[in-house]
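Written out below as structure tokens is the structure these notes cover.
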Amino acid sequence: MAESEEEVDVLVQRVVKDIANAFKKNPSIDEIGVILCPEARYNRSPIVLVENKLGVESWCVKFLLPYVHNKLLLYRQRKHWLDREALVDITCTLLLLNPDFTTAWNVRKELLQCGVLNPEKDLYLGKLALTKFPKSPETWIHRRWVLQQVLNQVSTLDHNKNQQQAEAVQADAERNEQLSDRLARTLRQEMKVCSDAAGRYPSNYNAWSHRIWVLQHMARGNVKVLHDELSSMRVWVSMHVSDHSGFHYRQFLLKELIAEICKRPAHTSTSCSPQRGCSTVPEGSPCPHSCSHSNGEPSGQEAGGEEDSHADFTTVLQLFHQEMDLCSDLIQSFPGHETLWSHRRHVFYLWDQWVREHQHSCSRGSDCKLIHLTDPDPGVPEISSQSCAGQGHGVNGQKHASEPMEVDGLFLPDPHNSKRLKRGVLLPCPPTLPTELSFVSSVLGGCCNTEQRHFALAYRKWLDTVIGLQS
């Protein structure tokens, strides 16, 4: 065991070099950890590399961490000079042992801006640090900064491309394809890093917040990415029924998907837009004249608009039905989890608010009306009698089923492909106050869990006091 200060310096310098050599030897290291070893038993390096796992024996950490920490502070105080390669090695070692040391991340920011480091290498280091410290806030903050630099580079290249001459169009197209592939690859990697961190630490708020940030900045308006995320998260939340952060992420995805579906570009010449559903016409244009010809027949543009508006309504209905169906399955399979009831409350509240907003926007035009699920118009997906049985309170005051029928294999139609939405498509009944009260009654009827009963009663009280008073 090293005792003198000189021996400690020699030991630590060797360990730092061994860590750097391990990354050179195996660039595919995917996890780090500390190996419990109170003292050095053999005259060998405390750095252990097995397949793609990097381990540091615990006995050397008490020497290694203070050494690299002091070296970096002396450098920042301009009391000690370190070349760029030494800075890279020291900050790498320090951040693998203590990723919440902000000064080390700031040094790497400077190295990245100088071109010594590339963004991919820093993202890789952060990924490794998160395998040992999955909730490290400084690591997530630095990761967002690096991703923002990547986005800035792409936007800068796009701006320069617009200023080039016509002869460079072919080269620009190839470069744009490479940039798109790079962003898509980075997006997939970030989703994987967030999933791994969320699995290692329950209710990892920092990981889920970062995942939301990535979608907001790297996949804004991308319905396919949002839908893929919602689908992939279904299995995850089914295995983590007490993780509120995961369900909050699903709520974010649901709201973003609905917002993107409802804000598609609309024609201002008709009151029923082709892609957003019913909306108002410009001021001074009466709805009856804009929605039909002089002979009372709807124009071709309006017919297409109604078909797309029905498709949007159907897509939103399917989204909410799938989410409520997932909640029902999880609540009945895993009784006594408050997170599931809170998620159901939030989803039903979103549905109720969306219906009210949709109804309000449609009522502003004289010929506009809320889409009725039983409308026999050919442009509307037809509701089979098998999908809704019985009568009850509906979305717009009409009578619909009081008990929703379970639809096996229900799929979410592509919002960009309305060809699938034809007559005869079985649609589920919309979530309503009577169906929710019926669900609560069924849970209470066969409930043996005290906590489950408490949560069900609290949900019923919320339905009566919040939703019931608004109706």
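By order in the structure tokens, chains are A, B, ...; within a chain, residues start at 1; ligands start at 1, following the order shown.
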message = If we count only C-alpha atoms and set the cut-off at 7 Å, which residues sit around Ile47 of chain A, ignoring sequence neighbours fewer than 6 positions away in its own chain? Please answer as JSON, numbers by chain.
response = {"A": [18, 19, 55, 56, 57]}
key: Residues flagged strand (DSSP E or B) by DSSP in segment 10-195 of chain A, as a list in words   =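 Matching residues for strand (DSSP E or B) in segment 10-195 of chain A are Glu31, Ile32, Gly33, Val34, Ile35, Ile47, Val48, Leu49, Val50, Lys53, Leu54, Gly55, Val56 and Glu57 of chain A.
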ask   = Using only C-alpha atoms, which of the listed residues (A:Arg144, A:His240, A:Arg14, A:Arg200) sits closest to Val214 of chain A?
value =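 Distance minimum relative to Val214 of chain A lands on A:Arg144.
Of the residues under consideration (A:Ala458, A:Leu74, A:Met239, A:Val15), A:Met239 shows the shortest atom-to-atom contact distance to Leu330 of chain A when counting only C-alpha atoms.
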Polymer residues at most 10 Å from segment 342-352 of chain A, only C-alpha atoms, same-chain spacing of 2 or more positions, as a ChimeraX atom specification = /A:244,247-248,250-251,254-255,258,316-317,319-321,323-328,331,337-340,354-358,395,430-433,436,455,459-460,462-463,466-467,470-471
Would you output that residue set with C-alpha atoms, as a PDB file, in the first residue's frame?
```pdb
ATOM      1  CA  HIS A 244     -45.341   8.162 -11.401  1.00  0.00           C
ATOM      2  CA  PHE A 247     -46.980   7.766 -16.337  1.00  0.00           C
ATOM      3  CA  HIS A 248     -46.372  11.513 -16.378  1.00  0.00           C
ATOM      4  CA  ARG A 250     -47.257   9.116 -21.108  1.00  0.00           C
ATOM      5  CA  GLN A 251     -49.474  12.076 -20.236  1.00  0.00           C
ATOM      6  CA  LEU A 254     -50.794  11.993 -25.143  1.00  0.00           C
ATOM      7  CA  LYS A 255     -51.114  15.783 -24.956  1.00  0.00           C
ATOM      8  CA  ILE A 258     -53.499  15.378 -29.620  1.00  0.00           C
ATOM      9  CA  VAL A 316     -58.176  11.121 -30.812  1.00  0.00           C
ATOM     10  CA  LEU A 317     -60.965   8.832 -29.649  1.00  0.00           C
ATOM     11  CA  LEU A 319     -55.920   7.343 -28.328  1.00  0.00           C
ATOM     12  CA  PHE A 320     -58.046   8.013 -25.272  1.00  0.00           C
ATOM     13  CA  HIS A 321     -59.774   4.642 -25.453  1.00  0.00           C
ATOM     14  CA  GLU A 323     -55.128   4.774 -22.593  1.00  0.00           C
ATOM     15  CA  MET A 324     -58.267   4.238 -20.511  1.00  0.00           C
ATOM     16  CA  ASP A 325     -58.234   0.557 -21.448  1.00  0.00           C
ATOM     17  CA  LEU A 326     -54.605   0.302 -20.287  1.00  0.00           C
ATOM     18  CA  CYS A 327     -55.538   1.981 -16.999  1.00  0.00           C
ATOM     19  CA  SER A 328     -58.409  -0.441 -16.456  1.00  0.00           C
ATOM     20  CA  ILE A 331     -55.827  -1.196 -11.962  1.00  0.00           C
ATOM     21  CA  HIS A 337     -51.420   1.502  -6.563  1.00  0.00           C
ATOM     22  CA  GLU A 338     -52.270   5.196  -6.304  1.00  0.00           C
ATOM     23  CA  THR A 339     -50.207   6.041  -9.399  1.00  0.00           C
ATOM     24  CA  LEU A 340     -52.631   4.134 -11.638  1.00  0.00           C
ATOM     25  CA  TRP A 354     -60.708  18.161 -25.260  1.00  0.00           C
ATOM     26  CA  VAL A 355     -64.381  17.373 -25.846  1.00  0.00           C
ATOM     27  CA  ARG A 356     -65.437  20.726 -24.393  1.00  0.00           C
ATOM     28  CA  GLU A 357     -62.904  22.642 -26.491  1.00  0.00           C
ATOM     29  CA  HIS A 358     -63.874  20.722 -29.621  1.00  0.00           C
ATOM     30  CA  VAL A 395     -69.742  13.293 -25.393  1.00  0.00           C
ATOM     31  CA  PRO A 430     -66.055   7.431 -25.819  1.00  0.00           C
ATOM     32  CA  PRO A 431     -65.201   7.598 -22.100  1.00  0.00           C
ATOM     33  CA  THR A 432     -68.097   9.200 -20.251  1.00  0.00           C
ATOM     34  CA  LEU A 433     -69.032   9.969 -16.677  1.00  0.00           C
ATOM     35  CA  GLU A 436     -66.360   5.778 -15.278  1.00  0.00           C
ATOM     36  CA  PHE A 455     -58.439   5.012  -4.148  1.00  0.00           C
ATOM     37  CA  TYR A 459     -61.772   8.730  -7.707  1.00  0.00           C
ATOM     38  CA  ARG A 460     -65.563   8.526  -7.575  1.00  0.00           C
ATOM     39  CA  TRP A 462     -63.469  13.432  -7.822  1.00  0.00           C
ATOM     40  CA  LEU A 463     -65.783  12.453 -10.671  1.00  0.00           C
ATOM     41  CA  VAL A 466     -65.138  18.002 -10.592  1.00  0.00           C
ATOM     42  CA  ILE A 467     -66.530  16.374 -13.729  1.00  0.00           C
ATOM     43  CA  GLN A 470     -68.912  20.854 -15.018  1.00  0.00           C
ATOM     44  CA  SER A 471     -71.447  18.794 -16.939  1.00  0.00           C
TER      45      SER A 471
END
```
inquiry  = Which residues are close to segment 20-34 of chain A, i.e. within 9 Å by only C-alpha atoms, leaving aside same-chain residues fewer than 4 positions away? Reply as a ChimeraX atom specification.
reply    = /A:15-16,47-49,51-58,61,89,92-93,96-97,124,127-132
ask   = Using only C-alpha atoms, which of the listed residues (A:Gly246, A:Pro335, A:Gly221, A:Pro46) sits closest to Ser195 of chain A?
value = A:Gly246
inquiry  = Which residue is closest to Gly445 of chain A? Choose from A:Asn70, A:Gln353, A:Gln332, A:Ser136 and count only C-alpha atoms.
reply    =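 Among the listed residues, the smallest separation from Gly445 of chain A belongs to A:Gln332.
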For atom CA of Lys263 of chain A and atom CA of Arg211 of chain A, the interatomic separation in Å (one decimal) = 23.0 Å
request  = Measuring atom to atom with only C-alpha atoms, identify which of A:Leu65, A:Ile261, A:Leu123, A:Ile141 is nearest to Val193 of chain A.
outcome  =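 When distances to Val193 of chain A are compared using only C-alpha atoms, the smallest one comes from A:Leu123.
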key: Between atom CA of Phe439 of chain A and atom CA of Leu257 of chain A, distance in Å (one decimal)   =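 Taking atom CA of Phe439 of chain A as the start and atom CA of Leu257 of chain A as the end point, the length is 26.2 Å.
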request  = Using only C-alpha atoms, pick whichever of A:His142, A:Val235, A:Thr315, A:Leu73 has the shortest atom-to-atom distance to Asp100 of chain A.
outcome  = A:His142
inquiry  = Using Å and a single decimal, report how far atom CA of Leu111 of chain A sits from atom CA of Thr139 of chain A.
reply    =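 Between atom CA of Thr139 of chain A and atom CA of Leu111 of chain A the gap works out to 16.4 Å.
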